[in-house]
file start05.pdb (PDB, C-alpha atoms)
ATOM      1  CA  MET S   1     101.036  26.858  64.020
ATOM      2  CA  SER S   2     104.350  25.050  63.522
ATOM      3  CA  LYS S   3     107.037  25.283  66.142
ATOM      4  CA  ARG S   4     110.121  27.330  65.347
ATOM      5  CA  LYS S   5     113.228  25.201  64.978
ATOM      6  CA  PRO S   6     115.751  25.719  67.800
ATOM      7  CA  ARG S   7     118.789  27.829  66.971
ATOM      8  CA  LEU S   8     122.201  26.266  67.457
ATOM      9  CA  THR S   9     125.038  28.149  69.086
ATOM     10  CA  LYS S  10     128.205  28.811  67.114
ATOM     11  CA  ALA S  11     129.923  25.941  68.955
ATOM     12  CA  GLU S  12     127.074  23.548  68.170
ATOM     13  CA  ARG S  13     127.154  24.489  64.493
ATOM     14  CA  LYS S  14     130.900  23.864  64.382
ATOM     15  CA  LEU S  15     130.592  20.466  66.039
ATOM     16  CA  SER S  16     127.726  19.378  63.791
ATOM     17  CA  ALA S  17     129.264  20.589  60.539
ATOM     18  CA  SER S  18     131.055  17.329  59.758
ATOM     19  CA  ASN S  19     127.749  15.481  59.979
ATOM     20  CA  ALA S  20     125.995  18.046  57.775
ATOM     21  CA  LEU S  21     123.362  18.677  60.431
ATOM     22  CA  THR S  22     120.760  21.388  60.145
ATOM     23  CA  PRO S  23     119.319  23.147  63.224
ATOM     24  CA  GLY S  24     117.048  20.759  65.096
ATOM     25  CA  GLN S  25     118.285  17.700  63.201
ATOM     26  CA  SER S  26     119.979  14.804  64.980
ATOM     27  CA  ALA S  27     122.972  12.960  63.622
ATOM     28  CA  PRO S  28     122.514   9.260  62.838
ATOM     29  CA  PRO S  29     124.027   7.023  65.534
ATOM     30  CA  PRO S  30     127.665   6.125  64.817
ATOM     31  CA  LYS S  31     128.680   2.527  64.205
ATOM     32  CA  GLY S  32     128.392   0.450  67.379
ATOM     33  CA  TYR S  33     126.439   3.147  69.196
ATOM     34  CA  VAL S  34     125.630   2.448  72.863
ATOM     35  CA  PRO S  35     123.488   4.964  74.780
ATOM     36  CA  ALA S  36     124.596   6.393  78.114
ATOM     37  CA  ALA S  37     123.543   4.243  81.068
ATOM     38  CA  GLY S  38     123.708   7.023  83.664
ATOM     39  CA  PRO S  39     125.322  10.369  84.463
ATOM     40  CA  GLU S  40     128.323  11.241  82.319
ATOM     41  CA  VAL S  41     130.933  13.933  82.840
ATOM     42  CA  LEU S  42     132.256  15.462  79.666
ATOM     43  CA  ASP S  43     135.480  17.430  80.091
ATOM     44  CA  VAL S  44     134.934  19.381  76.902
ATOM     45  CA  GLU S  45     133.862  22.979  76.752
ATOM     46  CA  ILE S  46     133.846  25.167  73.672
ATOM     47  CA  ALA S  47     133.352  28.899  74.077
ATOM     48  CA  GLY S  48     131.559  28.339  77.375
ATOM     49  CA  PHE S  49     129.326  25.673  75.820
ATOM     50  CA  SER S  50     129.432  22.056  76.996
ATOM     51  CA  PRO S  51     128.176  19.998  74.043
ATOM     52  CA  PRO S  52     126.098  16.821  74.340
ATOM     53  CA  ALA S  53     128.267  13.757  74.860
ATOM     54  CA  ASP S  54     126.924  11.913  71.828
ATOM     55  CA  LEU S  55     127.697  14.883  69.602
ATOM     56  CA  VAL S  56     131.313  14.894  70.740
ATOM     57  CA  ILE S  57     131.687  11.106  70.513
ATOM     58  CA  ALA S  58     130.434  11.192  66.924
ATOM     59  CA  GLN S  59     133.468  13.301  65.960
ATOM     60  CA  LEU S  60     135.995  10.851  67.411
ATOM     61  CA  PRO S  61     137.903   8.188  65.475
ATOM     62  CA  GLU S  62     136.164   4.830  65.387
ATOM     63  CA  GLU S  63     138.670   3.239  67.786
ATOM     64  CA  GLN S  64     138.014   5.877  70.451
ATOM     65  CA  ARG S  65     134.255   5.618  69.970
ATOM     66  CA  ALA S  66     134.445   1.847  70.416
ATOM     67  CA  PHE S  67     136.396   2.343  73.659
ATOM     68  CA  ILE S  68     133.747   4.701  75.078
ATOM     69  CA  TYR S  69     130.873   2.478  73.937
ATOM     70  CA  ALA S  70     132.503  -0.554  75.576
ATOM     71  CA  ILE S  71     132.615   1.363  78.872
ATOM     72  CA  ARG S  72     128.979   2.405  78.451
ATOM     73  CA  ALA S  73     128.001  -1.221  77.854
ATOM     74  CA  GLN S  74     129.808  -2.303  81.040
ATOM     75  CA  LYS S  75     128.046   0.421  83.015
ATOM     76  CA  ALA S  76     124.669  -0.713  81.687
ATOM     77  CA  ALA S  77     125.466  -4.312  82.620
ATOM     78  CA  GLY S  78     126.845  -3.375  86.035
ATOM     79  CA  THR S  79     130.185  -4.986  85.241
ATOM     80  CA  ARG S  80     132.593  -2.045  85.545
ATOM     81  CA  PRO S  81     135.757  -3.141  87.406
ATOM     82  CA  MET S  82     136.162  -1.831  90.951
ATOM     83  CA  PRO S  83     139.378  -1.433  93.003
ATOM     84  CA  SER S  84     138.297  -3.823  95.773
ATOM     85  CA  ALA S  85     138.236  -6.793  93.379
ATOM     86  CA  SER S  86     142.036  -7.013  93.492
ATOM     87  CA  MET S  87     143.144  -4.384  96.013
ATOM     88  CA  LEU S  88     146.448  -4.958  97.812
ATOM     89  CA  SER S  89     145.877  -3.966 101.445
ATOM     90  CA  VAL S  90     148.372  -3.927 104.316
ATOM     91  CA  GLY S  91     147.262  -2.874 107.800
ATOM     92  CA  ASP S  92     143.867  -2.589 109.440
ATOM     93  CA  THR S  93     143.293   1.122 110.095
ATOM     94  CA  PRO S  94     140.730   1.669 108.794
ATOM     95  CA  PRO S  95     139.534  -1.950 108.504
ATOM     96  CA  LEU S  96     139.723  -3.710 105.142
ATOM     97  CA  ALA S  97     135.949  -3.643 104.605
ATOM     98  CA  ARG S  98     135.845   0.129 105.036
ATOM     99  CA  ARG S  99     138.878   0.645 102.805
ATOM    100  CA  ALA S 100     137.289  -1.440 100.067
ATOM    101  CA  ALA S 101     133.897   0.266 100.316
ATOM    102  CA  LEU S 102     135.435   3.749 100.257
ATOM    103  CA  LEU S 103     137.698   3.070  97.274
ATOM    104  CA  ASP S 104     134.823   1.497  95.339
ATOM    105  CA  LYS S 105     132.528   4.444  96.014
ATOM    106  CA  VAL S 106     135.146   6.970  94.929
ATOM    107  CA  ALA S 107     135.822   4.858  91.826
ATOM    108  CA  ALA S 108     132.129   4.705  90.947
ATOM    109  CA  LEU S 109     131.852   8.485  91.161
ATOM    110  CA  VAL S 110     134.863   9.368  89.003
ATOM    111  CA  ASP S 111     133.901   6.589  86.586
ATOM    112  CA  GLN S 112     131.133   8.930  85.419
ATOM    113  CA  ALA S 113     133.806  10.440  83.172
ATOM    114  CA  LEU S 114     133.021   9.726  79.543
ATOM    115  CA  SER S 115     136.067   7.484  79.050
ATOM    116  CA  GLY S 116     135.922   5.894  82.495
ATOM    117  CA  ARG S 117     138.274   6.539  85.391
ATOM    118  CA  SER S 118     141.662   5.726  83.872
ATOM    119  CA  ASN S 119     142.368   9.437  83.404
ATOM    120  CA  MET S 120     140.809  10.463  86.726
ATOM    121  CA  CYS S 121     143.660   9.782  89.176
ATOM    122  CA  LEU S 122     143.814  13.415  90.303
ATOM    123  CA  GLN S 123     140.084  13.612  90.976
ATOM    124  CA  CYS S 124     140.194  10.249  92.750
ATOM    125  CA  ALA S 125     142.973  11.472  95.053
ATOM    126  CA  ALA S 126     141.168  14.761  95.751
ATOM    127  CA  LEU S 127     137.987  12.897  96.730
ATOM    128  CA  LEU S 128     139.773  10.285  98.809
ATOM    129  CA  GLN S 129     141.709  12.941 100.735
ATOM    130  CA  ARG S 130     138.490  14.741 101.595
ATOM    131  CA  ALA S 131     136.869  11.498 102.756
ATOM    132  CA  LEU S 132     139.822  10.512 104.935
ATOM    133  CA  ALA S 133     139.970  13.982 106.493
ATOM    134  CA  ALA S 134     136.267  13.677 107.327
ATOM    135  CA  LEU S 135     137.083  10.354 109.010
ATOM    136  CA  GLY S 136     139.763  12.017 111.147
ATOM    137  CA  PHE S 137     142.919  11.064 109.233
ATOM    138  CA  ALA S 138     145.671  13.555 108.465
ATOM    139  CA  ALA S 139     145.814  12.910 104.721
ATOM    140  CA  THR S 140     147.365  14.753 101.797
ATOM    141  CA  ALA S 141     146.642  14.300  98.098
ATOM    142  CA  LYS S 142     149.932  14.123  96.203
ATOM    143  CA  GLU S 143     150.833  14.229  92.529
ATOM    144  CA  GLY S 144     153.971  13.575  90.533
ATOM    145  CA  GLN S 145     155.529  11.683  87.618
ATOM    146  CA  ALA S 146     155.052   8.037  88.588
ATOM    147  CA  THR S 147     156.577   5.072  86.770
ATOM    148  CA  PHE S 148     154.673   1.837  86.119
ATOM    149  CA  LYS S 149     155.956  -1.454  84.716
ATOM    150  CA  ARG S 150     154.182  -3.596  82.134
ATOM    151  CA  LEU S 151     154.148  -7.378  82.220
ATOM    152  CA  ASP S 152     156.728  -7.509  79.414
ATOM    153  CA  GLY S 153     159.223  -5.567  81.526
ATOM    154  CA  SER S 154     158.836  -2.243  79.729
ATOM    155  CA  SER S 155     157.769   0.807  81.683
ATOM    156  CA  PHE S 156     156.091   4.152  81.189
ATOM    157  CA  ALA S 157     155.797   7.352  83.213
ATOM    158  CA  TRP S 158     152.878   9.684  83.507
ATOM    159  CA  ARG S 159     151.384  12.274  85.805
ATOM    160  CA  HIS S 160     149.728  10.372  88.610
ATOM    161  CA  ALA S 161     148.069  11.139  91.944
ATOM    162  CA  TRP S 162     147.758   9.265  95.217
ATOM    163  CA  VAL S 163     147.078   9.956  98.905
ATOM    164  CA  GLU S 164     149.492   9.869 101.822
ATOM    165  CA  ILE S 165     148.474   9.591 105.488
ATOM    166  CA  SER S 166     150.563  10.868 108.382
ATOM    167  CA  ASP S 167     151.029   7.298 109.679
ATOM    168  CA  GLY S 168     153.170   6.523 106.622
ATOM    169  CA  SER S 169     150.462   4.882 104.534
ATOM    170  CA  THR S 170     150.166   5.426 100.793
ATOM    171  CA  ILE S 171     146.882   4.916  98.976
ATOM    172  CA  ASP S 172     147.027   4.366  95.229
ATOM    173  CA  GLY S 173     143.318   3.979  94.776
ATOM    174  CA  ASN S 174     142.932   4.263  91.003
ATOM    175  CA  ALA S 175     145.881   2.219  89.741
ATOM    176  CA  ASP S 176     143.756  -0.746  88.683
ATOM    177  CA  SER S 177     142.090   1.353  85.960
ATOM    178  CA  ILE S 178     145.347   2.224  84.175
ATOM    179  CA  ARG S 179     145.228  -1.003  82.165
ATOM    180  CA  GLU S 180     142.240   0.215  80.161
ATOM    181  CA  ASN S 181     143.735   3.576  79.233
ATOM    182  CA  PRO S 182     144.116   3.545  75.427
ATOM    183  CA  PHE S 183     147.111   5.899  75.508
ATOM    184  CA  VAL S 184     149.160   3.669  77.819
ATOM    185  CA  GLY S 185     148.551   0.439  75.980
ATOM    186  CA  SER S 186     148.014  -3.036  77.332
ATOM    187  CA  GLY S 187     150.288  -4.879  79.676
ATOM    188  CA  CYS S 188     150.020  -2.765  82.834
ATOM    189  CA  HIS S 189     148.297  -4.796  85.526
ATOM    190  CA  ALA S 190     148.840  -2.586  88.567
ATOM    191  CA  GLU S 191     146.295  -3.024  91.345
ATOM    192  CA  ALA S 192     144.929  -0.544  93.856
ATOM    193  CA  PHE S 193     147.144  -0.353  96.937
ATOM    194  CA  TRP S 194     146.605   0.764 100.548
ATOM    195  CA  GLY S 195     149.494   0.254 102.949
ATOM    196  CA  PRO S 196     152.920   1.483 104.093
ATOM    197  CA  ARG S 197     154.895   3.292 101.405
ATOM    198  CA  ALA S 198     157.797   0.933 102.084
ATOM    199  CA  GLU S 199     155.588  -1.923 100.825
ATOM    200  CA  LEU S 200     154.473  -0.219  97.619
ATOM    201  CA  PRO S 201     154.278  -2.936  94.917
ATOM    202  CA  ARG S 202     157.411  -3.320  92.805
ATOM    203  CA  ASP S 203     155.450  -2.662  89.603
ATOM    204  CA  ARG S 204     155.411   1.080  90.338
ATOM    205  CA  SER S 205     157.543   3.821  91.827
ATOM    206  CA  PHE S 206     156.463   7.221  93.049
ATOM    207  CA  PRO S 207     158.545  10.363  93.477
ATOM    208  CA  LEU S 208     158.290  12.196  96.767
ATOM    209  CA  GLY S 209     155.501  14.127  95.084
ATOM    210  CA  SER S 210     153.985  17.458  95.902
ATOM    211  CA  ALA S 211     150.545  18.448  97.154
ATOM    212  CA  LEU S 212     147.882  18.251  94.471
ATOM    213  CA  LEU S 213     147.680  21.548  92.615
ATOM    214  CA  PRO S 214     144.782  23.792  93.732
ATOM    215  CA  GLN S 215     143.080  23.701  90.338
ATOM    216  CA  ASP S 216     143.154  19.895  90.407
ATOM    217  CA  PHE S 217     142.246  19.515  94.066
ATOM    218  CA  ASN S 218     139.304  21.865  93.521
ATOM    219  CA  ASP S 219     138.192  20.282  90.258
ATOM    220  CA  ILE S 220     134.677  21.539  89.496
ATOM    221  CA  ASP S 221     133.150  18.047  89.341
ATOM    222  CA  VAL S 222     134.806  17.074  92.616
ATOM    223  CA  VAL S 223     133.642  20.193  94.434
ATOM    224  CA  ARG S 224     130.130  20.571  93.019
ATOM    225  CA  THR S 225     129.010  17.006  92.426
ATOM    226  CA  TRP S 226     131.159  14.132  93.628
ATOM    227  CA  TRP S 227     132.238  15.343  97.058
ATOM    228  CA  PRO S 228     128.660  16.220  98.135
ATOM    229  CA  ALA S 229     127.548  12.791  96.875
ATOM    230  CA  LEU S 230     130.382  11.070  98.751
ATOM    231  CA  GLN S 231     129.582  12.963 101.960
ATOM    232  CA  SER S 232     125.933  11.914 101.689
ATOM    233  CA  TRP S 233     126.955   8.293 101.158
ATOM    234  CA  MET S 234     129.293   8.367 104.176
ATOM    235  CA  ARG S 235     126.553   9.843 106.361
ATOM    236  CA  SER S 236     124.122   7.152 105.213
ATOM    237  CA  ARG S 237     126.562   4.549 106.536
ATOM    238  CA  GLY S 238     127.049   6.355 109.847
ATOM    239  CA  TRP S 239     130.723   7.067 109.147
ATOM    240  CA  ILE S 240     130.485  10.810 109.706
TER     241      ILE S 240
END

call {"tool": "encode", "arguments": {"input": "start05.pdb", "output": "structure tokens"}}
result
Amino acid sequence: MSKRKPRLTKAERKLSASNALTPGQSAPPPKGYVPAAGPEVLDVEIAGFSPPADLVIAQLPEEQRAFIYAIRAQKAAGTRPMPSASMLSVGDTPPLARRAALLDKVAALVDQALSGRSNMCLQCAALLQRALAALGFAATAKEGQATFKRLDGSSFAWRHAWVEISDGSTIDGNADSIRENPFVGSGCHAEAFWGPRAELPRDRSFPLGSALLPQDFNDIDVVRTWWPALQSWMRSRGWI
């Protein structure tokens, strides 16, 4: 007895239409295809349905597909850039080694996003604030329209997020990933920063900012997946 072919939802049929798929049929891999090397978070939902990542990627322009596949290849090779590689750190509370380890762990978690972490500043700040609070710091995740300079002297502004501690420290933990954001363009070489706000690098400026909006602070991936994973990691190191 032959198996009945699975029925696609309305959303699946719509997504597969451009590839002329029939129920149960897989689309041929796009040019330059690279398979996922681990967990991926796809911020796409259609009528309550979260489609497979490869199905969504197949609908993207070739340039965007190449960008995502390049990130997948780096993940598979273990060569994704981490904040600690070039972090600017001022002060010693907490110590540099702990700062670096914490920023790298947060970066690795939010890097599960399909296009990497360059659009994950809000989630990074929400996670980092939770971690610092667990370590006993009075920290607040902030967001606002920040301005960054490129190497050629031009600048751009976009919605950004960072963390502020009651001792006057500012933590811009995801800035090093901005350079790979395809919508910003090349030329921004900001590095992650942890230190007094007065010593914020001259390649960026932050407004006073406001507390991260509830819907961003309580992002579903942060709350359900990444924060529990970060807590477990911190416990394994005896931090909490």

call {"tool": "closest_residue", "arguments": {"input": "start05.pdb", "among": "S:Asn174, S:Ser236, S:Gln74, S:Ser166", "to": "Ser86 in chain S", "atoms": "all atoms listed in the file"}}
result
S:Asn174

call {"tool": "closest_residue", "arguments": {"input": "start05.pdb", "among": "S:Ala101, S:Ala37, S:Ala85, S:Ala139", "to": "Trp233 in chain S", "atoms": "only C-alpha atoms"}}
result
S:Ala101

call {"tool": "resolve_selection", "arguments": {"input": "start05.pdb", "expression": "the PyMOL selection byres ((chain S and resi 76) around 10)", "output": "JSON, numbers by chain"}}
result
{"S": [34, 35, 36, 37, 38, 70, 71, 72, 73, 74, 75, 77, 78, 79, 80]}

call {"tool": "residues_near_point", "arguments": {"input": "start05.pdb", "point": "(142.5, 2.0, 82.3)", "cutoff": "10 Å", "atoms": "all atoms listed in the file", "output": "PDB file with C-alpha atoms, in the frame of the given file"}}
result
ATOM      1  CA  PRO S  81     135.757  -3.141  87.406  1.00  0.00           C
ATOM      2  CA  SER S 115     136.067   7.484  79.050  1.00  0.00           C
ATOM      3  CA  GLY S 116     135.922   5.894  82.495  1.00  0.00           C
ATOM      4  CA  ARG S 117     138.274   6.539  85.391  1.00  0.00           C
ATOM      5  CA  SER S 118     141.662   5.726  83.872  1.00  0.00           C
ATOM      6  CA  ASN S 119     142.368   9.437  83.404  1.00  0.00           C
ATOM      7  CA  MET S 120     140.809  10.463  86.726  1.00  0.00           C
ATOM      8  CA  ASN S 174     142.932   4.263  91.003  1.00  0.00           C
ATOM      9  CA  ALA S 175     145.881   2.219  89.741  1.00  0.00           C
ATOM     10  CA  ASP S 176     143.756  -0.746  88.683  1.00  0.00           C
ATOM     11  CA  SER S 177     142.090   1.353  85.960  1.00  0.00           C
ATOM     12  CA  ILE S 178     145.347   2.224  84.175  1.00  0.00           C
ATOM     13  CA  ARG S 179     145.228  -1.003  82.165  1.00  0.00           C
ATOM     14  CA  GLU S 180     142.240   0.215  80.161  1.00  0.00           C
ATOM     15  CA  ASN S 181     143.735   3.576  79.233  1.00  0.00           C
ATOM     16  CA  PRO S 182     144.116   3.545  75.427  1.00  0.00           C
ATOM     17  CA  PHE S 183     147.111   5.899  75.508  1.00  0.00           C
ATOM     18  CA  VAL S 184     149.160   3.669  77.819  1.00  0.00           C
ATOM     19  CA  GLY S 185     148.551   0.439  75.980  1.00  0.00           C
ATOM     20  CA  SER S 186     148.014  -3.036  77.332  1.00  0.00           C
ATOM     21  CA  CYS S 188     150.020  -2.765  82.834  1.00  0.00           C
ATOM     22  CA  HIS S 189     148.297  -4.796  85.526  1.00  0.00           C
TER      23      HIS S 189
END

call {"tool": "closest_atom_pairs", "arguments": {"input": "start05.pdb", "of": "range 99-145 of chain S", "to": "range 92-95 of chain S", "cutoff": "10 Å", "atoms": "all atoms listed in the file", "output": "tab-separated table"}}
result
residue	atom	partner	partner_atom	distance
S:Arg99	CA	S:Pro95	CA	6.3
S:Ala100	CA	S:Pro95	CA	8.7
S:Leu132	CA	S:Pro94	CA	9.7
S:Leu135	CA	S:Pro94	CA	9.4
S:Phe137	CA	S:Pro94	CA	9.7

call {"tool": "resolve_selection", "arguments": {"input": "start05.pdb", "expression": "the PyMOL selection byres ((chain S and resi 65) around 12)", "output": "ChimeraX atom specification"}}
result
/S:29-35,53-64,66-72,114-115,182

call {"tool": "atom_distance", "arguments": {"input": "start05.pdb", "atom1": "CA of Ser84 in chain S", "atom2": "CA of Asp104 in chain S"}}
result
6.4 Å

call {"tool": "closest_residue", "arguments": {"input": "start05.pdb", "among": "S:Phe217, S:Trp226, S:Phe206, S:Phe193", "to": "Ser89 in chain S", "atoms": "all atoms listed in the file"}}
result
S:Phe193

call {"tool": "residues_around", "arguments": {"input": "start05.pdb", "residues": "Leu102 in chain S", "least_positions_apart": "3", "cutoff": "9 Å", "atoms": "only C-alpha atoms", "output": "number ranges by chain"}}
result
S: 97-99, 105-107, 128, 131, 234

call {"tool": "atom_distance", "arguments": {"input": "start05.pdb", "atom1": "CA of Glu164 in chain S", "atom2": "CA of Leu200 in chain S"}}
result
12.0 Å

call {"tool": "closest_residue", "arguments": {"input": "start05.pdb", "among": "S:Leu96, S:Met87, S:Leu109, S:Cys124", "to": "Glu40 in chain S", "atoms": "all atoms listed in the file"}}
result
S:Leu109

call {"tool": "closest_residue", "arguments": {"input": "start05.pdb", "among": "S:Cys121, S:Ala157, S:Ala141, S:Ile220", "to": "Arg204 in chain S", "atoms": "only C-alpha atoms"}}
result
S:Ala157

call {"tool": "resolve_selection", "arguments": {"input": "start05.pdb", "expression": "the PyMOL selection byres ((chain S and resi 222) around 12)", "output": "PyMOL selection string"}}
result
chain S and resi 41+106+109-110+112-113+120-131+215-221+223-231

call {"tool": "residues_around", "arguments": {"input": "start05.pdb", "residues": "Ile165 in chain S", "least_positions_apart": "2", "cutoff": "6 Å", "atoms": "only C-alpha atoms", "output": "number ranges by chain"}}
result
S: 138-139, 167-169

call {"tool": "decode", "arguments": {"input": "start05.pdb", "residues": "range 57-98 of chain S", "atoms": "C-alpha atoms", "output": "mmCIF file, in the first residue's frame"}}
result
data_model
loop_
_atom_site.group_PDB
_atom_site.id
_atom_site.type_symbol
_atom_site.label_atom_id
_atom_site.label_comp_id
_atom_site.auth_asym_id
_atom_site.auth_seq_id
_atom_site.Cartn_x
_atom_site.Cartn_y
_atom_site.Cartn_z
ATOM 1 C CA ILE S 57 15.959 31.194 1.416
ATOM 2 C CA ALA S 58 15.074 29.780 -2.001
ATOM 3 C CA GLN S 59 12.713 32.729 -2.563
ATOM 4 C CA LEU S 60 15.362 35.362 -1.826
ATOM 5 C CA PRO S 61 17.445 37.230 -4.405
ATOM 6 C CA GLU S 62 20.738 35.551 -5.210
ATOM 7 C CA GLU S 63 22.772 38.190 -3.350
ATOM 8 C CA GLN S 64 20.848 37.606 -0.117
ATOM 9 C CA ARG S 65 21.095 33.834 -0.498
ATOM 10 C CA ALA S 66 24.858 34.113 -0.955
ATOM 11 C CA PHE S 67 25.078 36.198 2.235
ATOM 12 C CA ILE S 68 23.191 33.573 4.269
ATOM 13 C CA TYR S 69 25.167 30.692 2.753
ATOM 14 C CA ALA S 70 28.450 32.449 3.572
ATOM 15 C CA ILE S 71 27.353 32.673 7.218
ATOM 16 C CA ARG S 72 26.344 29.003 7.195
ATOM 17 C CA ALA S 73 29.758 28.066 5.804
ATOM 18 C CA GLN S 74 31.501 30.034 8.575
ATOM 19 C CA LYS S 75 29.363 28.312 11.200
ATOM 20 C CA ALA S 76 30.251 24.900 9.778
ATOM 21 C CA ALA S 77 33.945 25.804 9.810
ATOM 22 C CA GLY S 78 33.791 27.318 13.292
ATOM 23 C CA THR S 79 35.077 30.647 12.013
ATOM 24 C CA ARG S 80 32.222 33.012 12.903
ATOM 25 C CA PRO S 81 33.632 36.276 14.329
ATOM 26 C CA MET S 82 33.174 36.815 18.064
ATOM 27 C CA PRO S 83 33.174 40.112 20.025
ATOM 28 C CA SER S 84 36.174 39.200 22.198
ATOM 29 C CA ALA S 85 38.504 39.086 19.179
ATOM 30 C CA SER S 86 38.637 42.891 19.088
ATOM 31 C CA MET S 87 36.639 44.062 22.109
ATOM 32 C CA LEU S 88 37.522 47.454 23.592
ATOM 33 C CA SER S 89 37.421 47.028 27.376
ATOM 34 C CA VAL S 90 37.983 49.648 30.076
ATOM 35 C CA GLY S 91 37.803 48.676 33.751
ATOM 36 C CA ASP S 92 38.005 45.353 35.544
ATOM 37 C CA THR S 93 34.566 44.740 37.072
ATOM 38 C CA PRO S 94 33.803 42.112 36.037
ATOM 39 C CA PRO S 95 37.288 40.971 34.955
ATOM 40 C CA LEU S 96 38.209 41.042 31.269
ATOM 41 C CA ALA S 97 38.125 37.247 30.911
ATOM 42 C CA ARG S 98 34.562 37.093 32.217
#
